[in-house]
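Structure data (mmCIF, C-alpha atoms) from start19.cif:
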```
data_data
loop_
_atom_site.label_atom_id
_atom_site.label_comp_id
_atom_site.auth_asym_id
_atom_site.auth_seq_id
_atom_site.Cartn_x
_atom_site.Cartn_y
_atom_site.Cartn_z
CA MET A 1 147.19 105.81 114.35
CA ASN A 2 148.79 107.06 111.14
CA THR A 3 146.01 108.57 109.08
CA THR A 4 147.89 108.22 105.79
CA HIS A 5 147.07 104.50 105.81
CA LEU A 6 143.31 105.11 105.79
CA PRO A 7 141.59 104.30 102.47
CA PRO A 8 140.56 107.38 100.47
CA PRO A 9 137.03 108.50 101.31
CA ALA A 10 134.20 107.32 99.05
CA ARG A 11 133.09 109.99 96.63
CA THR A 12 129.91 110.70 94.68
CA PRO A 13 130.12 110.95 90.86
CA TRP A 14 130.37 114.74 91.22
CA GLY A 15 133.27 114.55 93.64
CA ALA A 16 131.64 115.17 97.03
CA VAL A 17 132.83 113.06 99.96
CA ILE A 18 130.29 110.49 101.12
CA PRO A 19 130.27 110.52 104.94
CA ASP A 20 131.32 107.28 106.62
CA PRO A 21 128.07 105.58 107.73
CA GLY A 22 129.95 104.01 110.66
CA ASP A 23 127.92 101.55 112.71
CA ASP A 24 124.63 103.27 111.92
CA GLN A 25 124.07 101.55 108.59
CA ALA A 26 121.12 99.58 109.91
CA ALA A 27 119.44 102.72 111.28
CA GLY A 28 119.07 104.43 107.90
CA PRO A 29 115.73 104.49 106.10
CA ASP A 30 114.90 101.29 104.22
CA PHE A 31 113.80 102.45 100.79
CA SER A 32 112.99 98.93 99.60
CA ARG A 33 109.82 98.96 101.71
CA ALA A 34 106.70 101.06 101.20
CA SER A 35 106.11 103.98 103.58
CA SER A 36 102.71 105.45 104.38
CA ALA A 37 103.86 109.02 103.66
CA ARG A 38 105.21 108.17 100.20
CA LEU A 39 102.14 106.00 99.54
CA THR A 40 99.82 108.98 100.18
CA ASN A 41 102.03 111.11 97.96
CA TYR A 42 101.63 108.52 95.20
CA LEU A 43 97.84 108.39 95.66
CA LEU A 44 97.68 112.20 95.49
CA GLY A 45 99.64 112.21 92.22
CA GLY A 46 102.95 113.46 93.62
CA GLN A 47 106.50 112.58 92.64
CA SER A 48 108.07 111.68 96.01
CA HIS A 49 107.51 107.93 95.86
CA LEU A 50 109.57 104.83 95.12
CA ALA A 51 108.95 101.47 93.46
CA ALA A 52 107.64 99.77 96.62
CA ASP A 53 105.15 102.61 97.23
CA ARG A 54 103.89 102.48 93.66
CA LYS A 55 103.47 98.70 93.89
CA LEU A 56 101.40 99.02 97.07
CA GLY A 57 99.47 102.00 95.70
CA ASP A 58 98.53 100.14 92.52
CA ALA A 59 97.47 97.11 94.58
CA LEU A 60 95.23 99.35 96.74
CA LEU A 61 93.68 101.08 93.74
CA THR A 62 92.65 97.73 92.25
CA ALA A 63 91.64 96.15 95.60
CA ALA A 64 88.55 98.35 96.09
CA PRO A 65 86.23 99.71 93.39
CA ASP A 66 86.19 103.32 92.12
CA ARG A 67 89.82 103.99 93.14
CA ALA A 68 88.63 104.17 96.74
CA ALA A 69 92.18 104.51 98.09
CA GLU A 70 92.75 107.70 96.07
CA GLN A 71 89.32 109.09 96.98
CA THR A 72 90.01 108.51 100.67
CA ALA A 73 93.40 110.22 100.47
CA VAL A 74 91.88 113.26 98.75
CA ALA A 75 88.89 113.34 101.13
CA CYS A 76 91.18 113.28 104.18
CA ARG A 77 93.08 116.28 102.79
CA ALA A 78 89.82 118.14 102.17
CA PHE A 79 88.65 117.34 105.70
CA MET A 80 91.98 118.63 107.05
CA ALA A 81 91.49 121.89 105.12
CA THR A 82 87.91 122.62 106.19
CA THR A 83 88.47 121.74 109.85
CA THR A 84 91.67 123.79 109.95
CA VAL A 85 90.01 126.96 108.64
CA HIS A 86 87.05 126.33 110.93
CA LEU A 87 89.32 126.10 114.00
CA ALA A 88 91.52 129.02 112.94
CA SER A 89 88.48 131.23 112.27
CA ILE A 90 86.97 130.57 115.71
CA GLY A 91 90.17 131.72 117.41
CA VAL A 92 92.46 128.71 117.92
CA ARG A 93 96.02 129.99 117.49
CA GLN A 94 98.10 126.84 118.09
CA PHE A 95 98.10 123.75 115.90
CA VAL A 96 99.96 120.47 116.30
CA ASP A 97 99.79 118.13 113.31
CA LEU A 98 100.82 114.66 114.47
CA GLY A 99 101.94 112.45 111.60
CA CYS A 100 102.02 115.31 109.09
CA GLY A 101 103.34 113.23 106.16
CA LEU A 102 104.99 114.54 103.01
CA PRO A 103 103.94 117.92 101.63
CA ALA A 104 101.25 117.52 98.98
CA PRO A 105 102.29 117.82 95.32
CA SER A 106 102.83 121.50 94.60
CA TRP A 107 100.70 121.51 91.45
CA ARG A 108 97.74 120.15 93.38
CA LYS A 109 95.86 123.26 94.42
CA ASP A 110 93.09 121.23 96.07
CA THR A 111 95.45 120.05 98.81
CA PRO A 112 96.76 123.14 100.63
CA GLU A 113 99.07 122.64 103.59
CA LEU A 114 97.84 123.10 107.16
CA HIS A 115 100.04 126.11 108.00
CA GLN A 116 99.02 127.93 104.79
CA LEU A 117 95.36 127.65 105.74
CA VAL A 118 96.03 128.67 109.34
CA HIS A 119 98.03 131.70 108.26
CA GLU A 120 95.34 132.77 105.81
CA CYS A 121 93.09 133.20 108.86
CA ALA A 122 95.69 134.36 111.41
CA GLU A 123 99.26 135.31 110.43
CA ASP A 124 100.63 134.94 113.95
CA ALA A 125 99.21 131.46 114.65
CA ARG A 126 101.76 128.75 115.42
CA VAL A 127 101.97 125.34 113.82
CA LEU A 128 104.09 122.34 114.84
CA TYR A 129 104.54 119.51 112.37
CA VAL A 130 105.43 116.13 113.90
CA ASP A 131 106.36 112.94 112.07
CA ILE A 132 108.43 109.85 112.85
CA ASP A 133 109.85 109.49 109.32
CA PRO A 134 113.22 111.32 108.93
CA THR A 135 112.73 111.74 105.16
CA VAL A 136 109.31 113.29 105.78
CA MET A 137 110.76 115.75 108.28
CA THR A 138 113.59 116.68 105.87
CA HIS A 139 110.91 117.59 103.30
CA ALA A 140 108.84 119.35 105.97
CA ARG A 141 111.73 121.49 107.24
CA ALA A 142 112.49 122.56 103.67
CA LEU A 143 108.97 123.06 102.29
CA LEU A 144 106.52 123.55 105.18
CA ARG A 145 107.67 127.00 106.27
CA GLY A 146 105.71 130.01 107.39
CA ALA A 147 106.05 133.46 105.87
CA ARG A 148 106.83 134.82 109.34
CA PRO A 149 109.84 133.25 111.06
CA GLY A 150 109.08 131.25 114.19
CA THR A 151 105.47 130.46 113.31
CA VAL A 152 106.10 126.92 112.01
CA GLY A 153 108.02 124.31 114.05
CA HIS A 154 109.18 120.84 113.09
CA LEU A 155 109.70 117.83 115.34
CA GLU A 156 110.92 114.40 114.31
CA ALA A 157 109.36 112.13 116.92
CA ASP A 158 107.25 109.04 117.42
CA LEU A 159 103.70 110.18 118.19
CA THR A 160 103.12 106.99 120.20
CA ALA A 161 105.60 108.37 122.79
CA PRO A 162 103.52 111.34 124.00
CA ALA A 163 105.81 112.09 126.95
CA LYS A 164 108.73 112.70 124.59
CA VAL A 165 106.66 114.81 122.19
CA LEU A 166 105.09 116.92 124.95
CA THR A 167 108.40 117.63 126.72
CA SER A 168 110.45 118.26 123.58
CA PRO A 169 112.12 121.67 123.17
CA GLU A 170 110.61 121.97 119.68
CA LEU A 171 107.10 121.77 121.15
CA ALA A 172 107.96 124.16 123.97
CA GLY A 173 109.34 126.61 121.39
CA ALA A 174 106.18 126.69 119.30
CA ILE A 175 103.28 125.72 121.56
CA ASP A 176 102.07 127.06 124.91
CA LEU A 177 100.29 124.16 126.63
CA LYS A 178 98.35 126.58 128.87
CA ALA A 179 96.38 127.99 125.93
CA PRO A 180 94.01 125.93 123.74
CA VAL A 181 95.74 123.76 121.14
CA ALA A 182 94.25 122.10 118.07
CA VAL A 183 95.79 118.64 117.79
CA SER A 184 95.18 116.79 114.55
CA LEU A 185 95.86 113.18 113.54
CA HIS A 186 95.06 113.00 109.84
CA ASP A 187 95.13 109.63 108.10
CA VAL A 188 97.78 108.23 110.45
CA LEU A 189 96.22 106.23 113.31
CA HIS A 190 95.53 103.24 111.03
CA LEU A 191 99.29 102.57 111.13
CA ILE A 192 99.26 102.14 114.92
CA PRO A 193 97.93 99.10 116.80
CA ASP A 194 95.29 99.52 119.53
CA HIS A 195 97.63 99.02 122.51
CA LEU A 196 99.70 102.06 121.41
CA ALA A 197 97.11 104.25 119.70
CA TYR A 198 94.49 104.59 122.44
CA PRO A 199 96.91 105.32 125.35
CA ALA A 200 98.86 107.80 123.20
CA VAL A 201 95.75 109.78 122.18
CA GLU A 202 94.54 109.69 125.80
CA ALA A 203 97.88 111.12 126.98
CA TYR A 204 97.63 114.04 124.54
CA LYS A 205 94.04 114.66 125.64
CA GLN A 206 95.14 114.75 129.29
CA ALA A 207 97.99 117.18 128.61
CA LEU A 208 95.85 119.73 126.75
CA PRO A 209 93.96 122.55 128.47
CA SER A 210 90.21 123.06 128.32
CA GLY A 211 89.05 124.47 124.97
CA SER A 212 91.58 122.42 123.02
CA THR A 213 90.37 120.37 120.08
CA LEU A 214 91.20 116.95 118.68
CA THR A 215 90.70 116.26 114.97
CA ILE A 216 91.04 112.75 113.57
CA SER A 217 90.56 111.24 110.15
CA HIS A 218 90.91 107.48 110.22
CA GLN A 219 90.75 104.76 107.58
CA GLY A 220 87.97 102.26 108.11
CA GLY A 221 84.78 100.93 106.62
CA ASP A 222 84.13 98.34 103.93
CA SER A 223 86.58 99.56 101.33
CA ALA A 224 89.34 99.60 103.94
CA GLN A 225 88.72 95.92 104.67
CA LEU A 226 89.25 95.12 100.98
CA MET A 227 92.67 96.75 101.16
CA SER A 228 94.06 94.82 104.15
CA ALA A 229 95.53 92.05 101.99
CA ALA A 230 97.55 94.53 99.92
CA TYR A 231 98.96 96.15 103.06
CA ARG A 232 99.81 92.73 104.49
CA SER A 233 101.76 91.65 101.44
CA ALA A 234 103.66 94.97 101.48
CA GLU A 235 104.39 94.45 105.22
CA VAL A 236 102.96 97.86 106.10
CA ARG A 237 101.04 97.89 109.36
CA TYR A 238 97.33 98.47 108.83
CA HIS A 239 94.67 98.74 111.51
CA PRO A 240 91.48 100.14 109.95
CA ARG A 241 88.89 100.96 112.61
CA GLY A 242 85.13 101.08 112.51
CA ARG A 243 83.00 104.06 113.44
CA ASP A 244 82.58 103.07 117.10
CA GLU A 245 86.29 102.37 117.50
CA VAL A 246 87.13 105.79 116.05
CA ALA A 247 84.56 107.36 118.39
CA ARG A 248 86.43 105.84 121.36
CA PHE A 249 89.37 108.18 120.65
CA PHE A 250 87.09 111.11 121.55
CA ASP A 251 85.74 109.66 124.81
CA GLY A 252 84.92 112.41 127.31
CA TRP A 253 85.19 115.25 124.79
CA GLU A 254 82.32 117.05 123.04
CA LEU A 255 81.95 116.10 119.39
CA THR A 256 81.15 119.06 117.12
CA GLY A 257 79.61 119.21 113.67
CA PRO A 258 78.03 115.99 112.44
CA GLY A 259 79.99 113.85 114.95
CA VAL A 260 81.99 110.83 113.77
CA ALA A 261 80.99 110.67 110.11
CA PRO A 262 82.36 109.20 106.87
CA VAL A 263 85.13 111.58 105.81
CA SER A 264 83.77 112.35 102.34
CA GLU A 265 80.32 113.04 103.84
CA TRP A 266 81.64 114.94 106.82
CA PRO A 267 80.28 118.32 105.79
CA SER A 268 76.88 116.67 106.08
CA SER A 269 76.22 116.24 102.38
CA LEU A 270 74.37 113.10 103.40
CA SER A 271 73.17 112.41 106.88
CA PRO A 272 76.15 110.73 108.60
CA ASP A 273 73.94 107.92 109.86
CA ARG A 274 72.60 106.92 106.48
CA SER A 275 73.63 103.37 105.65
CA GLN A 276 74.45 104.43 102.10
CA ALA A 277 77.05 106.88 103.35
CA LEU A 278 78.46 104.44 105.88
CA ARG A 279 78.86 101.72 103.29
CA ARG A 280 80.80 104.02 100.99
CA ALA A 281 83.04 105.30 103.76
CA GLY A 282 86.75 104.84 103.20
CA ALA A 283 87.53 106.70 106.40
CA TYR A 284 85.83 108.27 109.41
CA ALA A 285 86.46 111.74 110.72
CA ALA A 286 85.47 114.01 113.60
CA ILE A 287 86.40 117.06 115.66
CA ALA A 288 85.95 117.14 119.41
CA ARG A 289 86.48 119.90 121.98
CA LYS A 290 87.74 119.44 125.53
CA PRO A 291 85.00 120.65 127.87
CA MET B 292 86.73 139.24 111.38
CA CYS B 293 84.09 141.14 109.35
CA GLN B 294 85.16 144.74 108.68
CA HIS B 295 82.60 145.44 106.00
CA LYS B 296 80.25 148.44 106.06
CA PRO B 297 77.39 147.70 106.49
CA THR B 298 78.25 144.67 108.64
CA CYS B 299 77.64 141.23 107.14
CA PRO B 300 74.99 138.98 108.72
CA SER B 301 76.25 137.11 111.78
CA ALA B 302 76.60 133.33 111.94
CA ASP B 303 73.33 133.10 113.92
CA ASP B 304 71.42 135.09 111.32
CA ASP B 305 69.26 133.20 108.81
CA ALA B 306 70.97 135.23 106.08
CA ARG B 307 74.41 134.00 107.19
CA LEU B 308 75.37 132.81 103.71
CA ALA B 309 75.19 136.39 102.42
CA ALA B 310 78.50 137.20 104.15
CA VAL B 311 81.63 137.76 102.06
CA PRO B 312 84.06 134.84 101.47
CA VAL B 313 87.52 135.55 102.91
CA THR B 314 89.23 132.24 102.08
CA ALA B 315 88.06 129.80 99.45
CA ARG B 316 89.25 126.56 97.89
CA PRO B 317 86.86 126.01 94.98
CA GLU B 318 88.82 122.84 94.08
CA GLN B 319 87.80 121.36 97.42
CA GLY B 320 84.34 122.89 97.37
CA TRP B 321 84.33 125.18 100.42
CA SER B 322 84.62 128.85 101.41
CA LEU B 323 85.18 130.57 104.72
CA LEU B 324 82.91 133.60 105.11
CA CYS B 325 83.78 136.71 107.12
CA ASN B 326 81.24 135.69 109.79
CA ARG B 327 83.36 132.53 110.42
CA VAL B 328 80.91 130.18 108.73
CA VAL B 329 82.51 127.48 106.54
CA VAL B 330 80.07 126.98 103.68
CA PHE B 331 80.26 123.96 101.37
CA ASP B 332 79.35 124.00 97.69
CA ASP B 333 76.37 121.70 98.34
CA THR B 334 74.94 124.57 100.53
CA GLY B 335 75.74 122.69 103.77
CA ALA B 336 77.63 124.74 106.36
CA LEU B 337 79.69 124.48 109.52
CA LEU B 338 78.96 127.22 112.07
CA PRO B 339 81.57 128.70 114.42
CA SER B 340 79.77 126.96 117.31
CA GLY B 341 80.65 123.61 115.71
CA LYS B 342 77.04 122.96 114.68
CA SER B 343 76.57 121.73 111.13
CA ILE B 344 73.77 122.83 108.82
CA ALA B 345 72.39 120.27 106.39
CA PRO B 346 72.38 121.24 102.72
CA TYR B 347 69.25 122.83 101.31
CA ARG B 348 67.51 120.06 99.38
CA PRO B 349 63.97 121.09 98.45
CA GLU B 350 61.59 118.21 97.73
CA PRO B 351 60.79 118.02 94.01
CA VAL B 352 57.29 119.22 93.24
CA ALA B 353 55.08 116.36 92.01
CA ALA B 354 53.85 116.78 88.44
CA ALA B 355 50.32 118.10 88.35
#
```
Spit out the file's structure as structure tokens when you get a sec.
Amino acid sequence: MNTTHLPPPARTPWGAVIPDPGDDQAAGPDFSRASSARLTNYLLGGQSHLAADRKLGDALLTAAPDRAAEQTAVACRAFMATTTVHLASIGVRQFVDLGCGLPAPSWRKDTPELHQLVHECAEDARVLYVDIDPTVMTHARALLRGARPGTVGHLEADLTAPAKVLTSPELAGAIDLKAPVAVSLHDVLHLIPDHLAYPAVEAYKQALPSGSTLTISHQGGDSAQLMSAAYRSAEVRYHPRGRDEVARFFDGWELTGPGVAPVSEWPSSLSPDRSQALRRAGAYAAIARKP
Amino acid sequence: MCQHKPTCPSADDDARLAAVPVTARPEQGWSLLCNRVVVFDDTGALLPSGKSIAPYRPEPVAAA
């Protein structure tokens, strides 16, 4: 074919060639719909969100009293921080963050990133960030980097396909599955329906050696029920789970600390069983260790 | 973890909260002490064993 008859390539306003999308146009990210990562960024006061995320975020903030959606997002980050330093300080040297989401807004000092906290306790510890969202992983590769090369890995994968995650070269490069691993699922399982979530978590639990830990924070409770309508109208999947359903993820492992407790009360500020704390819960959280 | 002289109280010691903070996020309300105890600003704590310590909440003394 004579190439001179091809139309000139499309160009950006500053003159760069726009690559031909080919047949993959449908596979690109759909920015007209809200995404959970950008929604959390909006709730945390970041700048990496779009109109659909802001619309959903505003609907959530008005759906439940006291800006419960924002409080839950902040509480899940705080839970991530305290459990991460706890695990790093007791000698865990490998961390896998499934569904890592967008980096927190840089000005927000109360939401440090997982690898920063790990490296404050142990400089040589390894962290693998996993997320299904390609835009999230582009941010993660650029911003979630360790001071020492090779200590932070990135994997773009669907966490509901554990076989693919566990056999990926990115995981093999960062994580040794013969030594204890701290797997965390922070504020992500509510996007996954039961028939995928429980088998996936079980598969990770099976693959990990004894001494590994599983950390979950999960949206649920009364305020979460108030938000279901907003998620439905934004066509974002939402499966809030109650305390017993969250506890099922840890079946067979030893719960540490206060057990499965409301995330904002997790450090035992109130007794986790008090009805007052349970009623206010926007999310449940726990750490468990493989015996 | 603790390299202080004299050594800080261990996590099993009743005086565990006297150890020196090595990492702290005052915005989030917690500190990690050099005896591996995560202590929260409400005086609750998480021990290295995974056990949690309830915050110290003395009962108010009834007016005489």
Q: List, as a PyMOL selection string, every residue that the PyMOL selection byres ((chain A and resi 205) around 10) selects in the file provided.
A: chain A and resi 183+199-204+206-210+212-214+249-253+289-290
Q) Selected by the PyMOL selection byres ((chain B) within 12 of (chain A)) in the shown coordinates: which residues, as a ChimeraX atom specification? A) /B:292-293,302,312-348
Q | Selection result of the PyMOL selection byres ((chain A and resi 95) around 8) on this file, as a VMD selection string | A | chain A and resid 92 to 94 96 to 97 125 to 128 175 181 to 184
Q. Which value, in Å to one decimal, gives the distance between atom CA of Arg33 of chain A and atom CA of Ala163 of chain A?
A.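 Between atom CA of Arg33 of chain A and atom CA of Ala163 of chain A the gap works out to 28.7 Å.
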Q. Atom CA of His239 of chain A and atom CA of Ser223 of chain A are how many Å apart?
A.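 Distance reported for this atom pair: 13.0 Å.
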Q) Skipping near chain neighbours, those fewer than 3 positions away, what residues fall within 10 Å of Asp131 of chain A using all atoms listed in the file, listed as a list in words? A) Ala37, Asp97, Leu98, Gly99, Cys100, Gly101, Leu102, Pro134, Thr135, Val136, Met137, Ala140, His154, Leu155, Glu156, Ala157, Asp158, Leu159 and Val188 of chain A
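When atom CA of Ser233 of chain A is paired with atom CA of Phe31 of chain A, their separation reads 16.2 Å.
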